[in-house]
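Novice: So that you have it, the file is final_17.txt, and it contains compact mmCIF, C-alpha atoms:
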# COMPACT_ATOMS: atom_id res chain seq x y z
CA MET A 1197 67.78 166.61 163.96
CA ASP A 1198 65.43 169.12 165.54
CA GLY A 1199 68.00 171.92 165.34
CA VAL A 1200 67.87 175.69 165.05
CA HIS A 1201 68.70 175.36 161.35
CA ASP A 1202 65.15 174.04 160.79
CA MET A 1203 63.65 177.51 160.88
CA GLY A 1204 60.40 177.31 158.98
CA GLY A 1205 57.62 178.91 161.03
CA MET A 1206 59.73 180.11 163.99
CA HIS A 1207 58.85 183.43 165.61
CA GLY A 1208 61.07 186.19 166.90
CA MET A 1209 63.66 186.43 164.12
CA GLY A 1210 62.72 190.01 163.27
CA PRO A 1211 62.24 191.89 160.00
CA ILE A 1212 64.07 191.03 156.81
CA ASP A 1213 67.14 193.20 156.39
CA ALA A 1214 67.82 193.40 152.65
CA GLU A 1215 70.98 195.27 151.71
CA GLU A 1216 70.70 197.58 148.72
CA ASN A 1217 73.16 196.84 145.88
CA GLU A 1218 74.62 194.00 147.90
CA PRO A 1219 78.01 192.79 146.63
CA VAL A 1220 78.46 189.07 145.89
CA PHE A 1221 80.93 188.84 148.77
CA HIS A 1222 81.49 191.03 151.83
CA GLY A 1223 85.22 191.09 152.23
CA GLU A 1224 88.05 188.83 151.24
CA TRP A 1225 87.44 186.21 153.94
CA GLU A 1226 83.97 185.41 152.53
CA LYS A 1227 85.49 184.83 149.10
CA ARG A 1228 88.13 182.48 150.46
CA MET A 1229 85.58 180.63 152.62
CA PHE A 1230 83.19 180.18 149.71
CA ALA A 1231 85.96 178.91 147.46
CA MET A 1232 87.51 176.53 150.00
CA ASN A 1233 84.17 174.91 150.69
CA ASN A 1234 83.58 174.29 146.98
CA ALA A 1235 87.14 173.20 146.28
CA ALA A 1236 86.91 170.70 149.14
CA SER A 1237 83.92 169.08 147.42
CA ALA A 1238 86.22 167.99 144.59
CA LEU A 1239 88.28 165.80 146.95
CA GLY A 1240 85.59 163.13 147.21
CA VAL A 1241 85.83 163.03 151.02
CA ARG A 1242 82.36 164.22 151.94
CA ASN A 1243 79.00 164.46 150.18
CA ILE A 1244 76.63 167.43 150.20
CA ASP A 1245 74.38 165.93 152.86
CA GLU A 1246 77.32 165.35 155.20
CA SER A 1247 78.32 168.98 154.77
CA ARG A 1248 74.77 170.15 155.50
CA HIS A 1249 74.63 167.94 158.57
CA ALA A 1250 77.98 169.31 159.76
CA ARG A 1251 76.60 172.85 159.59
CA GLU A 1252 73.46 171.81 161.49
CA ARG A 1253 75.61 170.58 164.36
CA MET A 1254 77.13 174.00 165.01
CA ASN A 1255 76.47 175.24 168.55
CA PRO A 1256 72.86 176.52 168.26
CA GLY A 1257 73.53 179.86 169.93
CA ALA A 1258 76.49 180.43 167.64
CA TYR A 1259 74.47 179.35 164.59
CA LEU A 1260 71.83 182.00 165.25
CA SER A 1261 74.35 184.80 165.73
CA SER A 1262 76.63 183.85 162.82
CA SER A 1263 76.64 184.97 159.22
CA TYR A 1264 76.25 182.20 156.68
CA TYR A 1265 79.94 182.00 155.73
CA GLU A 1266 80.80 181.73 159.43
CA ILE A 1267 78.48 178.72 159.50
CA TRP A 1268 80.33 177.34 156.44
CA LEU A 1269 83.64 177.83 158.25
CA ASP A 1270 82.42 175.91 161.26
CA GLY A 1271 80.99 173.15 159.06
CA LEU A 1272 84.06 172.72 156.87
CA VAL A 1273 86.46 172.55 159.82
CA ARG A 1274 84.09 170.10 161.55
CA THR A 1275 83.84 167.78 158.52
CA LEU A 1276 87.51 167.81 157.60
CA SER A 1277 88.41 167.18 161.25
CA GLU A 1278 85.95 164.29 161.53
CA LYS A 1279 87.40 162.81 158.34
CA GLY A 1280 90.87 163.00 159.88
CA LEU A 1281 92.19 165.43 157.26
CA ILE A 1282 92.95 168.34 159.59
CA SER A 1283 93.13 168.98 163.34
CA GLU A 1284 92.70 171.97 165.66
CA GLU A 1285 96.36 171.58 166.63
CA GLU A 1286 97.41 171.91 163.00
CA LEU A 1287 95.12 174.91 162.55
CA ALA A 1288 96.61 176.56 165.60
CA GLY A 1289 100.10 175.85 164.28
CA VAL A 1290 101.18 173.96 167.39
CA VAL A 1291 101.94 170.79 165.41
CA ALA A 1292 103.31 170.38 161.89
CA PRO A 1293 100.68 169.47 159.25
CA LYS A 1294 100.50 165.71 158.76
CA PRO A 1295 100.40 164.40 155.19
CA VAL A 1296 97.00 163.06 154.10
CA THR A 1297 95.55 161.24 151.10
CA THR A 1298 92.14 161.79 149.51
CA PRO A 1299 90.12 159.79 146.95
CA LYS A 1300 90.55 162.58 144.40
CA PRO A 1301 93.24 165.24 144.00
CA ALA A 1302 92.73 168.95 144.67
CA ILE A 1303 90.83 170.71 141.88
CA ARG A 1304 93.02 172.72 139.50
CA ALA A 1305 92.19 176.25 138.38
CA GLU A 1306 91.79 175.23 134.74
CA ASP A 1307 89.19 172.60 135.71
CA VAL A 1308 86.99 174.86 137.84
CA ASP A 1309 84.55 176.04 135.17
CA LYS A 1310 84.18 172.59 133.66
CA ALA A 1311 83.56 170.97 137.05
CA MET A 1312 81.08 173.61 138.19
CA ASP A 1313 79.26 173.56 134.81
CA LYS A 1314 78.89 169.80 135.19
CA GLY A 1315 77.72 169.75 138.81
CA ALA A 1316 76.78 166.56 140.61
CA THR A 1317 74.21 163.83 140.03
CA TYR A 1318 71.54 163.16 142.62
CA THR A 1319 69.27 160.91 140.57
CA VAL A 1320 69.85 157.17 140.67
CA PRO A 1321 68.68 154.62 138.08
CA GLU A 1322 67.34 152.11 140.60
CA GLY A 1323 65.88 152.28 144.08
CA LYS A 1324 62.82 151.47 146.15
CA PRO A 1325 59.58 151.31 144.16
CA ALA A 1326 57.40 154.42 144.42
CA GLY A 1327 55.11 154.28 147.44
CA PHE A 1328 52.89 157.11 146.26
CA ILE A 1329 51.41 158.50 143.06
CA VAL A 1330 50.74 161.99 141.78
CA GLY A 1331 47.38 163.23 143.06
CA GLN A 1332 47.46 161.09 146.19
CA THR A 1333 46.85 162.64 149.61
CA VAL A 1334 49.74 161.84 151.94
CA ARG A 1335 50.83 162.73 155.45
CA ALA A 1336 54.33 163.84 156.38
CA LYS A 1337 55.48 161.47 159.12
CA ASN A 1338 55.84 162.68 162.68
CA ILE A 1339 59.51 161.73 163.03
CA HIS A 1340 62.31 163.27 165.09
CA PRO A 1341 65.55 161.59 164.08
CA ALA A 1342 68.67 162.69 165.93
CA GLY A 1343 70.57 162.63 162.62
CA HIS A 1344 70.09 164.53 159.37
CA THR A 1345 66.65 164.91 157.80
CA ARG A 1346 65.25 167.08 155.02
CA LEU A 1347 61.71 166.80 156.38
CA PRO A 1348 61.15 170.21 158.02
CA ARG A 1349 59.51 170.24 161.45
CA TYR A 1350 56.67 172.49 160.34
CA ALA A 1351 55.40 169.88 157.85
CA ARG A 1352 55.45 166.87 160.18
CA GLY A 1353 52.08 165.31 160.89
CA HIS A 1354 50.39 167.37 158.17
CA GLU A 1355 48.55 166.24 155.08
CA GLY A 1356 49.38 167.30 151.56
CA ILE A 1357 48.89 166.24 147.96
CA VAL A 1358 51.62 164.70 145.79
CA CYS A 1359 52.01 167.10 142.84
CA ARG A 1360 55.05 165.66 141.08
CA ASP A 1361 57.18 162.54 141.18
CA TYR A 1362 60.76 163.68 140.49
CA GLY A 1363 62.03 160.09 140.18
CA ILE A 1364 64.54 158.12 142.18
CA HIS A 1365 67.04 160.22 144.16
CA VAL A 1366 69.72 159.70 146.74
CA PHE A 1367 68.04 159.98 150.18
CA PRO A 1368 69.81 162.73 152.15
CA ASP A 1369 68.69 161.41 155.55
CA ALA A 1370 70.72 158.26 154.79
CA ASN A 1371 73.41 159.86 152.63
CA ALA A 1372 74.52 162.11 155.49
CA HIS A 1373 75.31 158.95 157.44
CA GLY A 1374 77.10 156.77 154.93
CA ALA A 1375 74.28 155.06 152.97
CA ASP A 1376 72.38 156.41 149.96
CA ASP A 1377 69.10 154.39 150.18
CA PRO A 1378 67.77 155.72 146.84
CA GLN A 1379 64.03 156.30 146.63
CA HIS A 1380 61.41 158.48 144.93
CA LEU A 1381 61.42 162.20 145.55
CA TYR A 1382 58.08 164.01 145.34
CA ASN A 1383 56.86 167.55 145.38
CA VAL A 1384 54.07 167.76 147.95
CA LYS A 1385 51.58 170.62 148.22
CA PHE A 1386 50.41 171.63 151.71
CA SER A 1387 47.73 174.23 152.29
CA SER A 1388 48.74 177.13 154.50
CA VAL A 1389 45.75 176.47 156.76
CA GLU A 1390 46.71 172.80 157.14
CA LEU A 1391 50.20 173.85 158.27
CA TRP A 1392 49.40 176.89 160.38
CA GLY A 1393 45.76 176.43 161.38
CA GLU A 1394 43.86 179.66 161.94
CA ASP A 1395 47.12 181.60 161.51
CA GLY A 1396 47.43 180.36 157.93
CA THR A 1397 45.90 181.96 154.86
CA LYS A 1398 43.12 180.18 153.02
CA GLY A 1399 44.02 179.66 149.37
CA ASP A 1400 47.80 179.89 149.89
CA TYR A 1401 50.10 176.85 149.66
CA VAL A 1402 53.58 175.64 150.57
CA TYR A 1403 55.26 173.14 148.25
CA ILE A 1404 57.91 170.89 149.82
CA ASP A 1405 60.18 168.28 148.21
CA LEU A 1406 59.95 165.07 150.24
CA TRP A 1407 61.12 161.49 149.82
CA ASP A 1408 59.15 158.24 150.16
CA ASP A 1409 60.43 157.60 153.70
CA HIS A 1410 59.12 161.00 154.83
CA LEU A 1411 55.57 160.15 153.86
CA GLU A 1412 52.75 157.85 154.87
CA ARG A 1413 49.24 157.21 153.60
CA ALA A 1414 46.74 159.75 154.85
CA MET B 65 71.38 188.73 171.05
CA ALA B 66 74.79 190.17 171.83
CA HIS B 67 75.58 190.97 168.26
CA ASN B 68 74.18 190.12 164.90
CA HIS B 69 76.92 190.86 162.41
CA LYS B 70 75.17 190.25 159.14
CA HIS B 71 77.46 191.83 156.62
CA GLY B 72 80.98 193.05 156.42
CA ASP B 73 81.90 192.97 160.08
CA PRO B 74 83.18 189.51 160.97
CA LEU B 75 84.98 188.90 164.22
CA PRO B 76 88.76 189.33 163.83
CA GLU B 77 89.25 185.70 164.94
CA THR B 78 86.96 184.55 162.11
CA VAL B 79 89.12 186.27 159.50
CA LEU B 80 92.24 184.82 161.10
CA ARG B 81 90.78 181.32 161.23
CA VAL B 82 89.82 181.44 157.54
CA LYS B 83 93.40 182.44 156.72
CA SER B 84 94.82 179.64 158.87
CA LEU B 85 92.47 177.14 157.26
CA GLU B 86 93.47 178.19 153.76
CA SER B 87 97.19 177.99 154.60
CA LEU B 88 96.72 174.54 156.11
CA LEU B 89 94.65 173.18 153.21
CA VAL B 90 97.15 174.53 150.67
CA GLU B 91 100.08 173.09 152.60
CA LYS B 92 98.37 169.68 152.72
CA GLY B 93 97.65 169.81 149.00
CA LEU B 94 93.87 169.72 149.57
CA VAL B 95 93.21 172.99 147.72
CA GLU B 96 95.19 175.07 145.23
CA THR B 97 95.24 178.85 145.61
CA ALA B 98 94.71 179.44 141.90
CA ALA B 99 91.63 177.18 141.94
CA LEU B 100 90.17 179.21 144.81
CA ASP B 101 90.76 182.38 142.79
CA ALA B 102 89.02 180.79 139.79
CA LEU B 103 86.00 179.80 141.90
CA ILE B 104 85.70 183.32 143.27
CA ASP B 105 86.05 184.87 139.80
CA ARG B 106 83.39 182.55 138.40
CA TYR B 107 80.73 183.58 140.93
CA GLU B 108 81.79 187.19 141.29
CA ASN B 109 82.06 187.96 137.57
CA LYS B 110 80.59 185.24 135.33
CA VAL B 111 77.61 183.52 136.96
CA GLY B 112 74.87 185.73 138.38
CA PRO B 113 71.26 186.88 138.02
CA LYS B 114 71.94 188.25 134.53
CA ASN B 115 71.83 184.60 133.43
CA GLY B 116 68.37 184.10 134.85
CA ALA B 117 67.20 187.41 133.39
CA LYS B 118 68.14 186.20 129.89
CA VAL B 119 66.14 183.02 130.45
CA VAL B 120 63.07 184.92 131.64
CA ALA B 121 63.28 187.45 128.79
CA ARG B 122 63.35 184.57 126.31
CA ALA B 123 60.35 182.98 128.04
CA TRP B 124 58.46 186.28 127.72
CA THR B 125 59.09 186.54 123.99
CA ASP B 126 59.20 182.94 122.77
CA PRO B 127 56.15 180.82 123.69
CA ASP B 128 57.82 177.61 122.50
CA PHE B 129 60.80 178.28 124.76
CA LYS B 130 58.50 179.04 127.69
CA GLN B 131 56.78 175.71 127.10
CA ARG B 132 60.14 173.91 127.14
CA LEU B 133 61.16 175.85 130.26
CA LEU B 134 58.04 174.86 132.16
CA GLN B 135 58.33 171.27 130.93
CA ASP B 136 62.04 170.70 131.70
CA ALA B 137 63.85 173.78 132.98
CA THR B 138 67.25 172.09 133.24
CA ALA B 139 67.22 171.23 129.54
CA ALA B 140 65.72 174.55 128.42
CA ILE B 141 68.24 176.56 130.47
CA ALA B 142 71.10 174.44 129.10
CA GLU B 143 70.25 176.00 125.70
CA PHE B 144 72.01 179.10 127.13
CA SER B 145 74.91 176.93 128.41
CA PHE B 146 73.86 177.68 132.00
CA SER B 147 74.16 174.47 134.01
CA GLY B 148 75.83 172.64 136.85
CA ALA B 149 76.45 173.00 140.56
CA GLN B 150 73.35 173.90 142.59
CA GLY B 151 71.23 173.80 139.46
CA GLU B 152 71.38 170.16 138.49
CA GLU B 153 67.59 169.86 138.67
CA LEU B 154 65.96 173.16 137.80
CA VAL B 155 62.22 173.79 137.90
CA ALA B 156 60.60 176.99 136.60
CA VAL B 157 57.37 178.24 138.18
CA GLU B 158 55.34 180.92 136.44
CA ASN B 159 53.65 183.92 138.00
CA THR B 160 50.28 184.85 136.50
CA ASP B 161 47.47 187.22 137.38
CA ALA B 162 46.11 184.47 139.64
CA VAL B 163 49.27 182.92 141.10
CA HIS B 164 52.42 184.35 142.76
CA ASN B 165 55.39 182.08 143.50
CA VAL B 166 58.18 182.68 146.01
CA VAL B 167 61.19 180.48 146.80
CA VAL B 168 63.00 179.73 150.08
CA CYS B 169 65.25 177.15 151.69
CA THR B 170 64.10 176.92 155.32
CA LEU B 171 66.76 174.32 156.23
CA CYS B 172 69.90 175.91 154.78
CA SER B 173 70.62 178.14 151.76
CA CYS B 174 69.68 176.18 148.60
CA TYR B 175 69.50 178.54 145.62
CA PRO B 176 69.74 178.08 141.82
CA TRP B 177 73.35 179.14 141.24
CA PRO B 178 73.57 178.69 137.44
CA VAL B 179 70.76 181.21 136.88
CA LEU B 180 70.95 183.48 139.94
CA GLY B 181 74.53 183.18 141.17
CA LEU B 182 75.07 183.15 144.94
CA PRO B 183 72.22 184.07 147.28
CA PRO B 184 72.00 187.47 149.01
CA VAL B 185 72.49 187.52 152.78
CA TRP B 186 68.80 188.07 153.51
CA TYR B 187 67.86 184.88 151.62
CA LYS B 188 70.06 182.84 153.99
CA SER B 189 68.99 184.77 157.09
CA ALA B 190 66.80 183.57 159.95
CA PRO B 191 64.03 186.15 159.39
CA TYR B 192 63.43 185.13 155.76
CA ARG B 193 63.80 181.39 156.33
CA SER B 194 61.52 181.36 159.36
CA ARG B 195 58.79 183.67 158.14
CA VAL B 196 58.18 183.23 154.44
CA VAL B 197 56.56 179.80 154.78
CA ARG B 198 54.21 181.02 157.50
CA GLU B 199 53.42 184.59 156.46
CA PRO B 200 54.59 185.05 152.86
CA ARG B 201 52.32 188.03 152.26
CA ALA B 202 53.79 189.98 155.19
CA VAL B 203 57.31 189.17 153.96
CA LEU B 204 56.45 190.31 150.44
CA VAL B 205 55.13 193.61 151.81
CA GLU B 206 58.56 194.22 153.37
CA PHE B 207 59.94 193.96 149.81
CA GLY B 208 57.28 196.42 148.62
CA THR B 209 55.12 193.74 147.01
CA GLU B 210 51.42 193.91 147.88
CA LEU B 211 49.32 191.13 146.44
CA PRO B 212 45.54 191.17 146.15
CA ALA B 213 43.80 188.67 148.45
CA SER B 214 42.54 186.89 145.34
CA THR B 215 46.09 185.98 144.24
CA GLU B 216 47.13 182.48 145.29
CA VAL B 217 50.57 182.49 146.96
CA ARG B 218 52.76 179.44 146.42
CA VAL B 219 55.89 179.12 148.56
CA TRP B 220 58.50 176.62 147.34
CA ASP B 221 60.72 175.23 150.12
CA SER B 222 63.93 173.90 148.52
CA THR B 223 64.36 170.81 150.69
CA ALA B 224 65.90 168.62 147.94
CA GLU B 225 68.37 169.23 145.10
CA THR B 226 65.52 170.68 143.03
CA ARG B 227 66.14 174.39 142.46
CA TYR B 228 63.24 176.70 141.71
CA LEU B 229 63.27 179.72 139.40
CA VAL B 230 60.32 182.11 139.36
CA ILE B 231 59.24 183.49 135.98
CA PRO B 232 57.81 186.87 136.98
CA ARG B 233 54.91 188.41 135.09
CA ARG B 234 55.95 190.48 132.11
CA PRO B 235 55.37 194.09 133.12
CA GLU B 236 52.88 196.36 131.44
CA GLY B 237 54.34 198.81 128.93
CA SER B 238 57.02 196.36 127.76
CA SER B 239 55.27 195.16 124.61
CA GLY B 240 57.66 196.63 122.02
CA MET B 241 60.87 195.70 123.80
CA ASN B 242 63.46 193.21 122.57
CA GLU B 243 65.02 190.43 124.68
CA ASP B 244 67.96 192.55 125.85
CA GLY B 245 65.69 195.37 126.94
CA LEU B 246 63.36 192.96 128.69
CA ALA B 247 66.21 191.22 130.51
CA ALA B 248 67.05 194.55 132.17
CA LEU B 249 63.59 194.44 133.78
CA VAL B 250 64.15 191.03 135.35
CA SER B 251 65.69 191.60 138.78
CA ARG B 252 67.20 188.92 140.97
CA ASP B 253 64.47 189.47 143.56
CA SER B 254 61.73 188.97 140.96
CA MET B 255 63.20 185.55 140.13
CA ILE B 256 63.21 184.60 143.82
CA GLY B 257 59.64 185.86 143.87
CA VAL B 258 59.81 188.57 146.54
CA THR B 259 59.14 191.31 143.99
CA GLU B 260 57.56 191.74 140.58
CA ALA B 261 59.67 192.48 137.50
CA ILE B 262 60.75 196.11 137.12
CA SER B 263 58.34 198.41 135.29
CA PRO B 264 59.86 199.90 132.10
CA SER B 265 58.69 203.34 133.21
CA THR B 266 61.20 203.23 136.10
CA VAL B 267 64.16 202.08 133.97
CA GLY B 268 66.34 204.56 132.13
CA GLY B 269 63.76 207.34 132.34
CA ALA B 270 64.47 208.30 135.93
Take the structure from the file and write it as structure tokens.
Specialist:
Amino acid sequence: MDGVHDMGGMHGMGPIDAEENEPVFHGEWEKRMFAMNNAASALGVRNIDESRHARERMNPGAYLSSSYYEIWLDGLVRTLSEKGLISEEELAGVVAPKPVTTPKPAIRAEDVDKAMDKGATYTVPEGKPAGFIVGQTVRAKNIHPAGHTRLPRYARGHEGIVCRDYGIHVFPDANAHGADDPQHLYNVKFSSVELWGEDGTKGDYVYIDLWDDHLERA
Amino acid sequence: MAHNHKHGDPLPETVLRVKSLESLLVEKGLVETAALDALIDRYENKVGPKNGAKVVARAWTDPDFKQRLLQDATAAIAEFSFSGAQGEELVAVENTDAVHNVVVCTLCSCYPWPVLGLPPVWYKSAPYRSRVVREPRAVLVEFGTELPASTEVRVWDSTAETRYLVIPRRPEGSSGMNEDGLAALVSRDSMIGVTEAISPSTVGGA
């Protein structure tokens, strides 16, 4: 979706405000929010692309004026509500919490390090044959899907060179909507001038990870 | 914009809603309080940029390791037992006299947790995400990093599950130092690529 989350190249966002000696978390609520979002991943009710797409659907004005853990809060409530696991009425305490079942049980404290050390798997043994080869010039498609996509707006319609083939991966644009449609993931090199015209810098480059379905022959 | 509360000053209703959400999820058996505490402890105290600094210091001192790191960063970094969530597919990119790398996630907040921990607020913020792909040199100047025009800037936009780690240039004056000493020169920001590694003349002596 062409949302405000797709920020690459936008103007007007101001200077970068780096905090000196920044703590890992600012306040208790950020800690709890971070942990709940990760613990919820263990339940097997939503994949990473669904959670990204949930965050992208936050009210755009609110997205731009929220801190990142506020965006996580909005996204987690949105996803769990859509999956029928919680409701606003339950959150507000006006109805008693209904019992729910999930594919996997809640993660236990003693399993946290093991689970986080293991992580997830995004590569898939089989999928669509590679449409492109390393060294080939390609064009990022000019697409504007209403759903989730990992093809940033600023790359669309521009030509780049395939630098690496990372192998067959789950396709987020499909995975956010219930299918995984595995296909090759590539690293594609775009020149700054190709992306930004006369406002780019000759000799500088942007490297973007893109899937087969994001690309066409140049 | 009415307000732009970046750090430490959430709206009271936000704090309340997070509390209500936790109570509800615990009551429904969807999360366990002790597991939340363990997740927080892991990223507050165990996993952070000191991990990445050890990796970079090894790369500076051991050419075979650096080769393995550039070839397959996930495997090379697993030699330190750093692995897992948000670092399943790690790629190391090396700064040289001719090339400077810098990493962003323009679409969300993707960041290599096993080596850098959780991202700072500015990394996830609209100014960084919007600007660094279009005007990386201006962004780097705001971090005090001025690059000669002859240096090629490479911006890596983390649009997939690939997570990029910058190997900064080893600073001048660090030739006699051991791995531990060198690791102290490798800042988080230098592994994102917005700064160079710390000069040994500014460490300890000041």
Novice: Pick the closest to Leu1260 (chain A) from B:Ala190, B:Val166, B:Leu133, B:Leu171: which is it, counting only C-alpha atoms?
Specialist: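 Comparing B:Ala190, B:Val166, B:Leu133, B:Leu171 against Leu1260 (chain A), the winner is B:Ala190.
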Novice: What does the structure give for the distance between CA of Leu229 (chain B) and CA of Pro176 (chain B), in Å to one decimal?
Specialist: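 Interatomic distance, CA of Leu229 (chain B) to CA of Pro176 (chain B): 7.1 Å.
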Novice: Using all atoms listed in the file, determine which residues lie at most 9 Å from Phe1367 (chain A), disregarding the query and same-chain residues fewer than 6 positions distant; provide the list as a list in words.
Specialist: Tyr1318, Ala1375, Asp1376, Asp1377, Pro1378, Gln1379, His1380, Leu1381, Trp1407 and Asp1409 of chain A
Novice: Each residue of chain A lying at most 7 Å from chain B should get a row with its shortest atom-to-atom pair and the distance in Å to one decimal, counting all atoms listed in the file; could you produce that, ordered by chain and increasing number, as CSV?
Specialist:
residue,atom,partner,partner_atom,distance
A:His1201,CA,B:Leu171,CA,5.6
A:Asp1202,CA,B:Leu171,CA,4.8
A:Met1203,CA,B:Ser194,CA,4.7
A:Gly1204,CA,B:Ser194,CA,4.2
A:Gly1205,CA,B:Ser194,CA,4.9
A:Met1206,CA,B:Ser194,CA,5.1
A:Met1209,CA,B:Pro191,CA,4.8
A:Gly1210,CA,B:Pro191,CA,5.6
A:Pro1211,CA,B:Pro191,CA,6.0
A:Ile1212,CA,B:Pro191,CA,5.5
A:Asp1213,CA,B:Trp186,CA,6.1
A:Ala1214,CA,B:Trp186,CA,5.5
A:Val1220,CA,B:Glu108,CA,6.0
A:His1222,CA,B:Gly72,CA,5.0
A:Gly1223,CA,B:Gly72,CA,6.3
A:Trp1225,CA,B:Val79,CA,5.8
A:Lys1227,CA,B:Ile104,CA,6.0
A:Arg1228,CA,B:Leu100,CA,6.8
A:Met1229,CA,B:Val82,CA,6.5
A:Ala1231,CA,B:Leu100,CA,5.0
A:Met1232,CA,B:Leu100,CA,6.4
A:Ala1235,CA,B:Val95,CA,6.2
A:Ala1236,CA,B:Val95,CA,6.9
A:Ser1261,CA,B:Asn68,CA,5.4
A:Ser1263,CA,B:Lys70,CA,5.5
A:Tyr1264,CA,B:Lys188,CA,6.8
A:Leu1287,CA,B:Ser84,CA,6.0
A:Pro1293,CA,B:Lys92,CA,6.9
A:Pro1295,CA,B:Lys92,CA,6.2
A:Val1296,CA,B:Lys92,CA,6.9
A:Ala1302,CA,B:Val95,CA,5.1
A:Ile1303,CA,B:Ala99,CA,6.5
A:Arg1304,CA,B:Ala99,CA,5.3
A:Ala1305,CA,B:Ala99,CA,3.7
A:Val1308,CA,B:Leu103,CA,6.5
A:Met1312,CA,B:Ala149,CA,5.2
A:Asp1313,CA,B:Gly148,CA,4.1
A:Lys1314,CA,B:Gly148,CA,4.5
A:Gly1315,CA,B:Ala149,CA,3.9
A:Ala1316,CA,B:Ala149,CA,6.4
A:Arg1346,CA,B:Thr223,CA,5.8
A:Trp1392,CA,B:Arg198,CA,7.0
A:Gly1396,CA,B:Arg198,CA,6.8
A:Gly1399,CA,B:Glu216,CA,5.9
A:Asp1400,CA,B:Val217,CA,4.8
A:Tyr1401,CA,B:Arg218,CA,4.9
A:Val1402,CA,B:Val219,CA,4.6
A:Tyr1403,CA,B:Trp220,CA,4.8
A:Ile1404,CA,B:Asp221,CA,5.2
A:Asp1405,CA,B:Thr223,CA,5.5
Novice: Between CA of Gly1257 (chain A) and CA of Gly1199 (chain A), what is the spacing in Å?
Specialist: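 Separating CA of Gly1199 (chain A) from CA of Gly1257 (chain A) is a distance of 10.7 Å.
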Novice: Quick one, how far is CA of Leu1411 (chain A) from CA of Val1334 (chain A)?
Specialist: 6.4 Å
Novice: Identify which of the residues B:Leu154, B:Leu211, B:Ala139, B:Ala248 lies closest to Val120 (chain B), counting all atoms listed in the file when measuring atom-to-atom distances.
Specialist: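 Looking only at the distances to Val120 (chain B), the closest residue turns out to be B:Ala248.
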Novice: Within 8 Å of Gly237 (chain B), counting only C-alpha atoms, which residues show up once you throw out same-chain ones fewer than 6 positions away? Write them as a list of chain:residue names, please.
Specialist: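 Counting only the stated atoms, we get B:Ser263, B:Pro264, B:Ser265.
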Novice: Name the closest residue to Lys118 (chain B) among the candidates B:Gln135, B:Thr209, B:Thr160, B:Asn242; distances are taken between atoms, counting all atoms listed in the file.
Specialist: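 Smallest distance to Lys118 (chain B) is found for B:Asn242.
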Novice: Tell me which of A:Ala1372, A:Val1200, A:Val1291, A:Val1358 sits closest to Ser1247 (chain A), counting only C-alpha atoms.
Specialist: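 Nearest to Ser1247 (chain A): A:Ala1372.
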Novice: Tell me, as an NGL selection string, which residues lie within 6 Å of region 1240-1245 of chain A, counting all atoms listed in the file; anything in the same chain fewer than 6 positions away does not count.
Specialist: :A and (1299-1300 or 1368 or 1372)
Novice: Using the selection just defined, write its residues with C-alpha atoms as a PDB file, in the coordinates of the input.
Specialist:
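again-v8.pdb was written with the following content:
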ATOM      1  CA  PRO A1299      90.120 159.790 146.950  1.00  0.00           C
ATOM      2  CA  LYS A1300      90.550 162.580 144.400  1.00  0.00           C
ATOM      3  CA  PRO A1368      69.810 162.730 152.150  1.00  0.00           C
ATOM      4  CA  ALA A1372      74.520 162.110 155.490  1.00  0.00           C
TER       5      ALA A1372
END
Novice: So that I can see what lies close to His1249 (chain A), please list as a list in words the residues with an atom at most 6 Å from it, counting all atoms listed in the file and leaving out residues fewer than 3 positions away in the same chain.
Specialist: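 Close residues of His1249 (chain A): Glu1246, Glu1252 and His1344 of chain A.
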Novice: Taking into account all atoms listed in the file, which residue in the set B:Val155, B:Ala140, B:Val179, B:Ala121 is nearest to Arg233 (chain B)?
Specialist: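 Looking at the shortest contact to Arg233 (chain B), the residue is B:Ala121.
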Novice: Kindly indicate which residue among B:Ser254, B:Ser238, B:Asn159, B:Thr125 lies nearest to Thr266 (chain B), using only C-alpha atoms for the distances.
Specialist: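 Counting only C-alpha atoms, the residue closest to Thr266 (chain B) is B:Ser238.
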Novice: Give me the residues within 7 Å of Leu1391 (chain A) as a PyMOL selection string, counting only C-alpha atoms and dropping any in the same chain fewer than 2 places off.
Specialist: chain A and resi 1350-1351+1354+1386-1389+1393
Novice: Keeping only C-alpha atoms, write the selected residues to a file as a PDB file, in the coordinates of the input.
Specialist:
ATOM      1  CA  TYR A1350      56.670 172.490 160.340  1.00  0.00           C
ATOM      2  CA  ALA A1351      55.400 169.880 157.850  1.00  0.00           C
ATOM      3  CA  HIS A1354      50.390 167.370 158.170  1.00  0.00           C
ATOM      4  CA  PHE A1386      50.410 171.630 151.710  1.00  0.00           C
ATOM      5  CA  SER A1387      47.730 174.230 152.290  1.00  0.00           C
ATOM      6  CA  SER A1388      48.740 177.130 154.500  1.00  0.00           C
ATOM      7  CA  VAL A1389      45.750 176.470 156.760  1.00  0.00           C
ATOM      8  CA  GLY A1393      45.760 176.430 161.380  1.00  0.00           C
TER       9      GLY A1393
END
